[in-house]
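Reviewing the structure listed below.
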Amino acid sequence: MRYIAAYLLLQTGGNASPKAADIKKVLSAGGVDVDEERLTKFLSEVEGKSIDELVAAGSSKLSSVPSGGGAAVASSGGAAAGGGGAAPEAAKEEEKKEEAKEESDDDMGFGLFD
């Protein structure tokens, strides 16, 4: 990630084709160690490609990665089902607490993806 960040920083700053020395300079300014082998491999991977091409390729790869979200629902459902008679009361109390927490988040006036 450090090499990608330095490469993008340099390109954003106007260096259309950052070289190894440029990336080393940025990283050393931040106190980050440079692994020559990884830097060379990274530069060989991005050589001749535009940032737009790289972002598009990365986005297509990420589209196949599962992003979760169902695990929390499954775990709360399993806890309520296995408890017996006292479990429904506990589940109701937990639901009330969760609802109150969600409502307090709404009062902040902004969302994560706004």
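Please note that chains go A, B, ... in the order of the structure tokens, that every chain numbers its residues from 1, and that ligands are numbered from 1 in the order shown.
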
Taking 2 positions as the minimum chain separation for residues in the same chain, which residues sit within 12 Å of Leu9 (chain A) when counting only C-alpha atoms? Answer as a list in words.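 In the requested format, the answer is Arg2, Tyr3, Ile4, Ala5, Ala6, Tyr7, Gln11, Thr12, Gly13, Gly14, Asn15, Ala16, Ser17, Pro18, Asp22, Ile23, Lys25, Val26, Leu27 and Ile51 of chain A.
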
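A straight line drawn from CA of Ser28 (chain A) to CA of Thr40 (chain A) is 16.2 Å long.
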